[in-house]
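Novice: What follows is work_25.pdb, made up of PDB, C-alpha atoms, pLDDT in the B column:
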```pdb
ATOM      1  CA  MET A   1      -4.866   3.023  -2.338  1.00 73.00           C
ATOM      2  CA  LEU A   2      -1.204   3.028  -3.308  1.00 86.00           C
ATOM      3  CA  GLU A   3      -0.423   2.693  -7.025  1.00 89.00           C
ATOM      4  CA  LEU A   4       2.950   2.783  -8.758  1.00 88.00           C
ATOM      5  CA  HIS A   5       3.038   3.354 -12.522  1.00 86.00           C
ATOM      6  CA  ASP A   6       5.828   2.519 -14.954  1.00 83.00           C
ATOM      7  CA  GLY A   7       4.834   2.436 -18.613  1.00 87.00           C
ATOM      8  CA  PRO A   8       2.272  -0.316 -19.211  1.00 92.00           C
ATOM      9  CA  ILE A   9       2.792  -1.731 -15.695  1.00 94.00           C
ATOM     10  CA  THR A  10       0.934  -0.637 -12.584  1.00 95.00           C
ATOM     11  CA  LEU A  11       1.662  -1.976  -9.118  1.00 96.00           C
ATOM     12  CA  ARG A  12      -1.520  -1.547  -7.080  1.00 95.00           C
ATOM     13  CA  GLU A  13      -1.762  -2.249  -3.388  1.00 93.00           C
ATOM     14  CA  PHE A  14      -3.466  -5.651  -3.097  1.00 92.00           C
ATOM     15  CA  LEU A  15      -6.214  -5.520  -0.518  1.00 84.00           C
ATOM     16  CA  ILE A  16      -8.369  -8.324   0.841  1.00 81.00           C
ATOM     17  CA  ASN A  17     -11.512  -6.991  -0.856  1.00 83.00           C
ATOM     18  CA  ASP A  18      -9.813  -6.680  -4.251  1.00 84.00           C
ATOM     19  CA  SER A  19     -11.998  -7.912  -7.108  1.00 86.00           C
ATOM     20  CA  CYS A  20      -8.999  -9.939  -8.359  1.00 88.00           C
ATOM     21  CA  PHE A  21      -8.744 -12.076  -5.218  1.00 91.00           C
ATOM     22  CA  GLY A  22     -10.346 -15.107  -6.907  1.00 91.00           C
ATOM     23  CA  THR A  23      -7.814 -14.881  -9.730  1.00 92.00           C
ATOM     24  CA  TYR A  24      -4.972 -14.666  -7.213  1.00 92.00           C
ATOM     25  CA  TYR A  25      -6.316 -17.750  -5.430  1.00 90.00           C
ATOM     26  CA  GLU A  26      -6.306 -19.634  -8.744  1.00 89.00           C
ATOM     27  CA  TRP A  27      -2.705 -18.559  -9.352  1.00 90.00           C
ATOM     28  CA  VAL A  28      -1.459 -19.787  -5.978  1.00 86.00           C
ATOM     29  CA  ARG A  29      -3.273 -23.108  -6.420  1.00 82.00           C
ATOM     30  CA  CYS A  30      -1.654 -23.660  -9.840  1.00 82.00           C
ATOM     31  CA  TYR A  31       1.241 -26.106  -9.695  1.00 79.00           C
ATOM     32  CA  GLU A  32       3.165 -24.414 -12.527  1.00 79.00           C
ATOM     33  CA  ASN A  33       3.006 -21.076 -10.719  1.00 79.00           C
ATOM     34  CA  MET A  34       4.070 -22.357  -7.334  1.00 77.00           C
ATOM     35  CA  ARG A  35       6.618 -25.022  -8.150  1.00 73.00           C
ATOM     36  CA  LEU A  36       9.659 -22.705  -8.076  1.00 66.00           C
ATOM     37  CA  VAL A  37       8.278 -20.089  -5.680  1.00 68.00           C
ATOM     38  CA  GLY A  38       8.993 -22.180  -2.595  1.00 61.00           C
ATOM     39  CA  ARG A  39       5.463 -22.134  -1.156  1.00 60.00           C
ATOM     40  CA  ARG A  40       4.933 -25.890  -0.895  1.00 62.00           C
ATOM     41  CA  GLU A  41       2.047 -25.384   1.521  1.00 62.00           C
ATOM     42  CA  TYR A  42      -0.099 -24.189  -1.382  1.00 58.00           C
ATOM     43  CA  PHE A  43       0.049 -27.687  -2.861  1.00 58.00           C
ATOM     44  CA  LEU A  44      -1.685 -28.982   0.234  1.00 61.00           C
ATOM     45  CA  SER A  45      -5.344 -28.436   0.987  1.00 65.00           C
ATOM     46  CA  VAL A  46      -5.104 -24.689   1.586  1.00 75.00           C
ATOM     47  CA  ASP A  47      -8.545 -23.180   1.289  1.00 83.00           C
ATOM     48  CA  MET A  48      -9.490 -19.741   0.079  1.00 86.00           C
ATOM     49  CA  GLU A  49      -9.982 -18.395   3.607  1.00 89.00           C
ATOM     50  CA  GLU A  50      -6.385 -19.290   4.562  1.00 86.00           C
ATOM     51  CA  VAL A  51      -5.067 -17.450   1.512  1.00 87.00           C
ATOM     52  CA  ARG A  52      -7.402 -14.541   2.297  1.00 90.00           C
ATOM     53  CA  GLU A  53      -5.944 -14.411   5.844  1.00 91.00           C
ATOM     54  CA  TYR A  54      -2.407 -14.350   4.389  1.00 89.00           C
ATOM     55  CA  VAL A  55      -3.344 -11.342   2.227  1.00 92.00           C
ATOM     56  CA  ARG A  56      -5.120  -9.707   5.181  1.00 92.00           C
ATOM     57  CA  GLN A  57      -1.991 -10.024   7.352  1.00 93.00           C
ATOM     58  CA  LEU A  58       0.199  -8.579   4.594  1.00 92.00           C
ATOM     59  CA  GLY A  59      -2.205  -5.650   4.332  1.00 90.00           C
ATOM     60  CA  LYS A  60      -1.838  -4.908   8.061  1.00 92.00           C
ATOM     61  CA  SER A  61       1.915  -5.416   8.155  1.00 94.00           C
ATOM     62  CA  ARG A  62       4.327  -2.520   8.605  1.00 95.00           C
ATOM     63  CA  SER A  63       7.111  -4.671   7.212  1.00 97.00           C
ATOM     64  CA  ASP A  64       5.522  -5.804   3.939  1.00 97.00           C
ATOM     65  CA  CYS A  65       4.067  -4.160   0.820  1.00 96.00           C
ATOM     66  CA  PHE A  66       1.951  -6.476  -1.339  1.00 96.00           C
ATOM     67  CA  PHE A  67       1.014  -5.406  -4.855  1.00 97.00           C
ATOM     68  CA  LEU A  68      -1.111  -6.697  -7.675  1.00 96.00           C
ATOM     69  CA  ILE A  69       0.732  -6.345 -10.990  1.00 97.00           C
ATOM     70  CA  LEU A  70      -1.491  -4.895 -13.691  1.00 96.00           C
ATOM     71  CA  TYR A  71      -0.524  -4.845 -17.358  1.00 95.00           C
ATOM     72  CA  GLU A  72      -2.647  -2.457 -19.407  1.00 91.00           C
ATOM     73  CA  GLY A  73      -5.227  -2.659 -16.604  1.00 89.00           C
ATOM     74  CA  ASN A  74      -5.379  -6.466 -16.374  1.00 93.00           C
ATOM     75  CA  ALA A  75      -4.116  -8.438 -13.364  1.00 95.00           C
ATOM     76  CA  ILE A  76      -1.155 -10.622 -14.342  1.00 97.00           C
ATOM     77  CA  GLY A  77       0.664 -11.318 -11.063  1.00 96.00           C
ATOM     78  CA  THR A  78       1.802 -10.140  -7.658  1.00 96.00           C
ATOM     79  CA  LEU A  79       4.887  -8.520  -6.181  1.00 97.00           C
ATOM     80  CA  LYS A  80       5.924  -8.287  -2.562  1.00 97.00           C
ATOM     81  CA  ILE A  81       8.442  -6.012  -0.928  1.00 98.00           C
ATOM     82  CA  GLY A  82       8.809  -8.003   2.245  1.00 97.00           C
ATOM     83  CA  HIS A  83      10.611  -8.383   5.509  1.00 97.00           C
ATOM     84  CA  ILE A  84      11.269  -4.645   5.621  1.00 98.00           C
ATOM     85  CA  ASN A  85      13.664  -3.903   8.457  1.00 98.00           C
ATOM     86  CA  TRP A  86      13.289  -0.230   9.338  1.00 98.00           C
ATOM     87  CA  GLU A  87      16.426  -0.312  11.524  1.00 98.00           C
ATOM     88  CA  THR A  88      18.837  -1.725   8.936  1.00 98.00           C
ATOM     89  CA  LEU A  89      16.828  -0.361   5.968  1.00 98.00           C
ATOM     90  CA  THR A  90      16.745  -3.691   4.160  1.00 98.00           C
ATOM     91  CA  ALA A  91      13.974  -5.605   2.407  1.00 98.00           C
ATOM     92  CA  ASP A  92      13.474  -8.415  -0.049  1.00 97.00           C
ATOM     93  CA  ILE A  93      11.538  -8.587  -3.302  1.00 97.00           C
ATOM     94  CA  GLY A  94       9.516 -11.469  -4.678  1.00 95.00           C
ATOM     95  CA  VAL A  95       7.471 -11.554  -7.867  1.00 95.00           C
ATOM     96  CA  MET A  96       5.045 -14.004  -9.465  1.00 94.00           C
ATOM     97  CA  ILE A  97       3.570 -13.657 -12.943  1.00 95.00           C
ATOM     98  CA  GLY A  98       0.478 -15.763 -12.332  1.00 93.00           C
ATOM     99  CA  ASP A  99      -1.056 -15.329 -15.786  1.00 95.00           C
ATOM    100  CA  ARG A 100       0.949 -17.900 -17.732  1.00 92.00           C
ATOM    101  CA  LYS A 101       0.124 -16.241 -21.070  1.00 95.00           C
ATOM    102  CA  MET A 102       1.987 -13.123 -19.927  1.00 95.00           C
ATOM    103  CA  ARG A 103       5.289 -14.823 -19.139  1.00 93.00           C
ATOM    104  CA  GLY A 104       8.345 -14.318 -21.288  1.00 93.00           C
ATOM    105  CA  LYS A 105       7.401 -10.740 -22.195  1.00 94.00           C
ATOM    106  CA  GLY A 106       9.739  -8.952 -19.753  1.00 93.00           C
ATOM    107  CA  LEU A 107       6.857  -7.808 -17.546  1.00 95.00           C
ATOM    108  CA  SER A 108       8.439  -9.084 -14.325  1.00 95.00           C
ATOM    109  CA  ILE A 109      11.442  -6.895 -15.146  1.00 95.00           C
ATOM    110  CA  LEU A 110       9.224  -3.807 -15.443  1.00 95.00           C
ATOM    111  CA  ALA A 111       7.435  -4.682 -12.188  1.00 96.00           C
ATOM    112  CA  VAL A 112      10.666  -5.292 -10.267  1.00 96.00           C
ATOM    113  CA  LYS A 113      12.193  -2.050 -11.596  1.00 95.00           C
ATOM    114  CA  ALA A 114       9.148  -0.117 -10.338  1.00 95.00           C
ATOM    115  CA  ALA A 115       9.408  -1.828  -6.934  1.00 97.00           C
ATOM    116  CA  VAL A 116      13.152  -1.167  -6.725  1.00 97.00           C
ATOM    117  CA  LYS A 117      12.612   2.529  -7.467  1.00 96.00           C
ATOM    118  CA  TYR A 118       9.857   2.744  -4.832  1.00 96.00           C
ATOM    119  CA  SER A 119      11.971   0.860  -2.270  1.00 97.00           C
ATOM    120  CA  PHE A 120      14.993   3.122  -2.597  1.00 97.00           C
ATOM    121  CA  GLU A 121      13.419   6.477  -3.461  1.00 96.00           C
ATOM    122  CA  VAL A 122      10.266   6.406  -1.311  1.00 96.00           C
ATOM    123  CA  LEU A 123      10.794   3.831   1.435  1.00 97.00           C
ATOM    124  CA  GLY A 124      14.442   4.844   1.863  1.00 98.00           C
ATOM    125  CA  MET A 125      15.877   1.340   1.807  1.00 98.00           C
ATOM    126  CA  ARG A 126      19.635   0.838   1.866  1.00 98.00           C
ATOM    127  CA  LYS A 127      19.646  -2.697   0.454  1.00 98.00           C
ATOM    128  CA  LEU A 128      17.263  -5.015  -1.400  1.00 98.00           C
ATOM    129  CA  SER A 129      17.594  -8.780  -1.686  1.00 98.00           C
ATOM    130  CA  GLY A 130      15.904 -11.547  -3.596  1.00 97.00           C
ATOM    131  CA  GLY A 131      16.375 -15.191  -4.317  1.00 95.00           C
ATOM    132  CA  CYS A 132      15.281 -17.992  -6.592  1.00 94.00           C
ATOM    133  CA  ALA A 133      15.801 -21.646  -7.381  1.00 92.00           C
ATOM    134  CA  SER A 134      18.763 -22.396  -9.650  1.00 93.00           C
ATOM    135  CA  GLU A 135      16.415 -23.768 -12.319  1.00 91.00           C
ATOM    136  CA  ASN A 136      14.358 -20.573 -12.362  1.00 92.00           C
ATOM    137  CA  ILE A 137      16.332 -18.997 -15.204  1.00 94.00           C
ATOM    138  CA  PRO A 138      13.713 -16.288 -15.964  1.00 94.00           C
ATOM    139  CA  MET A 139      13.929 -14.971 -12.389  1.00 95.00           C
ATOM    140  CA  GLN A 140      17.728 -14.965 -12.500  1.00 96.00           C
ATOM    141  CA  LYS A 141      17.591 -12.904 -15.705  1.00 96.00           C
ATOM    142  CA  CYS A 142      15.026 -10.588 -14.126  1.00 96.00           C
ATOM    143  CA  PHE A 143      17.234  -9.845 -11.123  1.00 97.00           C
ATOM    144  CA  GLU A 144      20.303  -9.324 -13.301  1.00 96.00           C
ATOM    145  CA  GLN A 145      18.509  -7.049 -15.800  1.00 95.00           C
ATOM    146  CA  CYS A 146      17.193  -4.975 -12.883  1.00 95.00           C
ATOM    147  CA  GLY A 147      20.739  -4.332 -11.614  1.00 96.00           C
ATOM    148  CA  PHE A 148      20.956  -6.922  -8.827  1.00 97.00           C
ATOM    149  CA  VAL A 149      24.281  -8.620  -8.118  1.00 97.00           C
ATOM    150  CA  LYS A 150      24.515 -12.346  -7.432  1.00 97.00           C
ATOM    151  CA  GLU A 151      25.656 -12.568  -3.815  1.00 97.00           C
ATOM    152  CA  GLY A 152      25.538 -16.237  -3.054  1.00 97.00           C
ATOM    153  CA  ASN A 153      24.609 -19.778  -3.842  1.00 97.00           C
ATOM    154  CA  GLU A 154      23.086 -21.852  -1.072  1.00 95.00           C
ATOM    155  CA  ARG A 155      23.888 -25.268  -2.472  1.00 97.00           C
ATOM    156  CA  GLN A 156      21.170 -27.926  -2.629  1.00 95.00           C
ATOM    157  CA  SER A 157      18.993 -26.145  -0.075  1.00 91.00           C
ATOM    158  CA  LEU A 158      15.714 -26.424  -2.004  1.00 88.00           C
ATOM    159  CA  TYR A 159      13.842 -29.648  -2.694  1.00 86.00           C
ATOM    160  CA  ILE A 160      11.693 -29.300  -5.802  1.00 83.00           C
ATOM    161  CA  GLU A 161      10.095 -32.080  -7.814  1.00 82.00           C
ATOM    162  CA  GLY A 162      12.116 -34.833  -6.187  1.00 85.00           C
ATOM    163  CA  LYS A 163      15.542 -33.246  -6.505  1.00 89.00           C
ATOM    164  CA  TYR A 164      17.680 -30.761  -4.655  1.00 92.00           C
ATOM    165  CA  GLN A 165      18.392 -27.381  -6.201  1.00 91.00           C
ATOM    166  CA  ASP A 166      20.601 -24.492  -5.253  1.00 94.00           C
ATOM    167  CA  HIS A 167      19.039 -21.308  -3.896  1.00 94.00           C
ATOM    168  CA  LEU A 168      20.624 -18.292  -5.573  1.00 96.00           C
ATOM    169  CA  TRP A 169      20.733 -14.989  -3.684  1.00 97.00           C
ATOM    170  CA  TYR A 170      20.808 -11.549  -5.288  1.00 98.00           C
ATOM    171  CA  GLY A 171      21.225  -8.099  -3.769  1.00 98.00           C
ATOM    172  CA  MET A 172      21.365  -4.423  -4.624  1.00 98.00           C
ATOM    173  CA  LEU A 173      22.765  -1.590  -2.533  1.00 98.00           C
ATOM    174  CA  ILE A 174      21.570   2.007  -2.786  1.00 97.00           C
ATOM    175  CA  ASP A 175      24.778   3.111  -4.550  1.00 97.00           C
ATOM    176  CA  GLU A 176      24.398   0.302  -7.107  1.00 97.00           C
ATOM    177  CA  TYR A 177      20.820   1.433  -7.680  1.00 96.00           C
ATOM    178  CA  LYS A 178      21.929   5.028  -8.288  1.00 94.00           C
ATOM    179  CA  THR A 179      24.538   3.871 -10.823  1.00 93.00           C
ATOM    180  CA  PHE A 180      22.024   1.557 -12.515  1.00 92.00           C
ATOM    181  CA  ARG A 181      19.408   4.353 -12.670  1.00 89.00           C
ATOM    182  CA  GLU A 182      21.918   6.798 -14.218  1.00 89.00           C
ATOM    183  CA  ARG A 183      22.923   4.194 -16.811  1.00 86.00           C
ATOM    184  CA  MET A 184      19.261   3.590 -17.728  1.00 82.00           C
ATOM    185  CA  GLU A 185      18.614   7.340 -18.011  1.00 83.00           C
ATOM    186  CA  LYS A 186      21.590   7.725 -20.367  1.00 75.00           C
ATOM    187  CA  CYS A 187      20.282   4.860 -22.528  1.00 76.00           C
ATOM    188  CA  ARG A 188      16.863   6.547 -22.651  1.00 65.00           C
ATOM    189  CA  ASP A 189      18.450   9.871 -23.611  1.00 63.00           C
ATOM    190  CA  VAL A 190      20.362   8.214 -26.480  1.00 60.00           C
ATOM    191  CA  LYS A 191      17.138   6.560 -27.728  1.00 60.00           C
ATOM    192  CA  ASP A 192      15.273   9.869 -27.614  1.00 60.00           C
ATOM    193  CA  ALA A 193      18.023  11.788 -29.458  1.00 52.00           C
TER     194      ALA A 193
END
```
Now that the file is in, can you turn its structure into structure tokens?

Specialist:
Amino acid sequence: MLELHDGPITLREFLINDSCFGTYYEWVRCYENMRLVGRREYFLSVDMEEVREYVRQLGKSRSDCFFLILYEGNAIGTLKIGHINWETLTADIGVMIGDRKMRGKGLSILAVKAAVKYSFEVLGMRKLSGGCASENIPMQKCFEQCGFVKEGNERQSLYIEGKYQDHLWYGMLIDEYKTFRERMEKCRDVKDA
């Protein structure tokens, strides 16, 4: 089973028989969790077996990596490196902190940084992308603090809670990652001195 460690955060491959599946199902059925994720189908009568099949398909996919985010050993959310294109070496990243008590602590930033490192250094990606609703300020800050660059604004393309919102697109190229990584290492060296 694949595990990525970065400080208090562990990204663990999320498999269909994972003991945390029931918790994940609760997260995806929670309105507050799903409202800005863009998975409107979860507000409908999606049963546990349909969600289980979604996780099963991700587990078999050669173009997706699906992780459970653990903080100090406890499941707090999920992260997906998805739509991996092995020809163009591109992928996208999506994250959900399902445990509402764990939001606002910078944990999505740690999880995304671990996924970015894995994507570039292990998977050999050339570019990563991600997006979020314009009202999802925490996700915008997460992308920016992880070194992503805002690439676009798809105006009024999302319909959330009775109003249209922009869809913001972020990206990071391998060279930007290398520069970001060097900058972070210098900051760490200064702290340790």

Novice: Could you check how far atom CA of Cys132 of chain A sits from atom CA of Glu185 of chain A, in Å to one decimal?

Specialist: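 Here the two named atoms are 28.0 Å from each other.
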
Novice: Specify as a PyMOL selection string each residue included when the PyMOL selection byres ((chain A and resi 73) around 12) is applied to this file.

Specialist: chain A and resi 3+5+7-12+20+68-72+74-77

Novice: Excluding segment 118-123 of chain A and residues on its chain fewer than 2 positions from it, collect all residues at most 8 Å away from it, counting all atoms listed in the file, and give them as a list in words.

Specialist: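 Non-adjacent residues within range: Leu4, Ile81, Ala114, Ala115, Val116, Met125, Arg126, Leu128, Ile174 and Tyr177 of chain A.
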
Novice: Please identify all polymer residues within 12 Å of Glu53 of chain A, counting all atoms listed in the file, omitting same-chain residues fewer than 4 positions from it, and present them as an NGL selection string.

Specialist: :A and (15-17 or 21 or 25 or 46-49 or 57-60)

Novice: Which value, in Å to one decimal, gives the distance between atom CA of Phe66 of chain A and atom CA of Thr78 of chain A?

Specialist: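 Atom CA of Thr78 of chain A lies at a distance of 7.3 Å from atom CA of Phe66 of chain A.
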
Novice: Atom CA of Lys163 of chain A to atom CA of Gly94 of chain A: how many Å, to one decimal?

Specialist: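 Separating atom CA of Lys163 of chain A from atom CA of Gly94 of chain A is a distance of 22.7 Å.
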
Novice: Hey, what comes out of the PyMOL selection byres ((chain A and resi 109) around 8) on this file? Could you write it as a list of chain:residue names?

Specialist: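 The output of the PyMOL selection byres ((chain A and resi 109) around 8) on this file is A:Gly106, A:Leu107, A:Ser108, A:Leu110, A:Ala111, A:Val112, A:Lys113, A:Cys142, A:Phe143, A:Gln145, A:Cys146.
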
Novice: Write out as an MDAnalysis selection string which residues come within 7 Å of segment 134-137 of chain A when counting all atoms listed in the file, dropping same-chain ones fewer than 3 positions away.

Specialist: chainID A and resid 36 140:141 165:168

Novice: Can I get the selection written as a compact mmCIF listing (two decimals), in the coordinates of the input, with C-alpha atoms?

Specialist:
```txt
# COMPACT_ATOMS: atom_id res chain seq x y z
CA LEU A 36 9.66 -22.70 -8.08
CA GLN A 140 17.73 -14.96 -12.50
CA LYS A 141 17.59 -12.90 -15.70
CA GLN A 165 18.39 -27.38 -6.20
CA ASP A 166 20.60 -24.49 -5.25
CA HIS A 167 19.04 -21.31 -3.90
CA LEU A 168 20.62 -18.29 -5.57
```

Novice: Report the residues retrieved by the PyMOL selection byres ((chain A and resi 92) around 9) from the displayed file, expressed as a list in words.

Specialist: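 That selection, the PyMOL selection byres ((chain A and resi 92) around 9), comes back as Lys80, Ile81, Gly82, His83, Ile84, Thr90, Ala91, Ile93, Gly94, Lys127, Leu128, Ser129, Gly130, Gly131 and Gly171 of chain A.
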
Novice: Pick the closest to Val28 of chain A from A:Tyr54, A:Trp86, A:Phe180, A:Trp169: which is it, counting all atoms listed in the file?

Specialist: A:Tyr54

Novice: Residues at most 12 Å from Tyr164 of chain A, counting only C-alpha atoms, excluding those fewer than 5 positions away in the same chain, as a PyMOL selection string?

Specialist: chain A and resi 36+133-135+154-159

Novice: As AutoDock Vina command-line options, please: the centre and edge lengths in Å, to one decimal, of an axis-aligned box enclosing every listed atom of segment 110-128 of chain A with 5 Å added on each side.

Specialist:
```
--center_x 13.5 --center_y 0.6 --center_z -6.8 --size_x 22.2 --size_y 21.8 --size_z 27.3
```
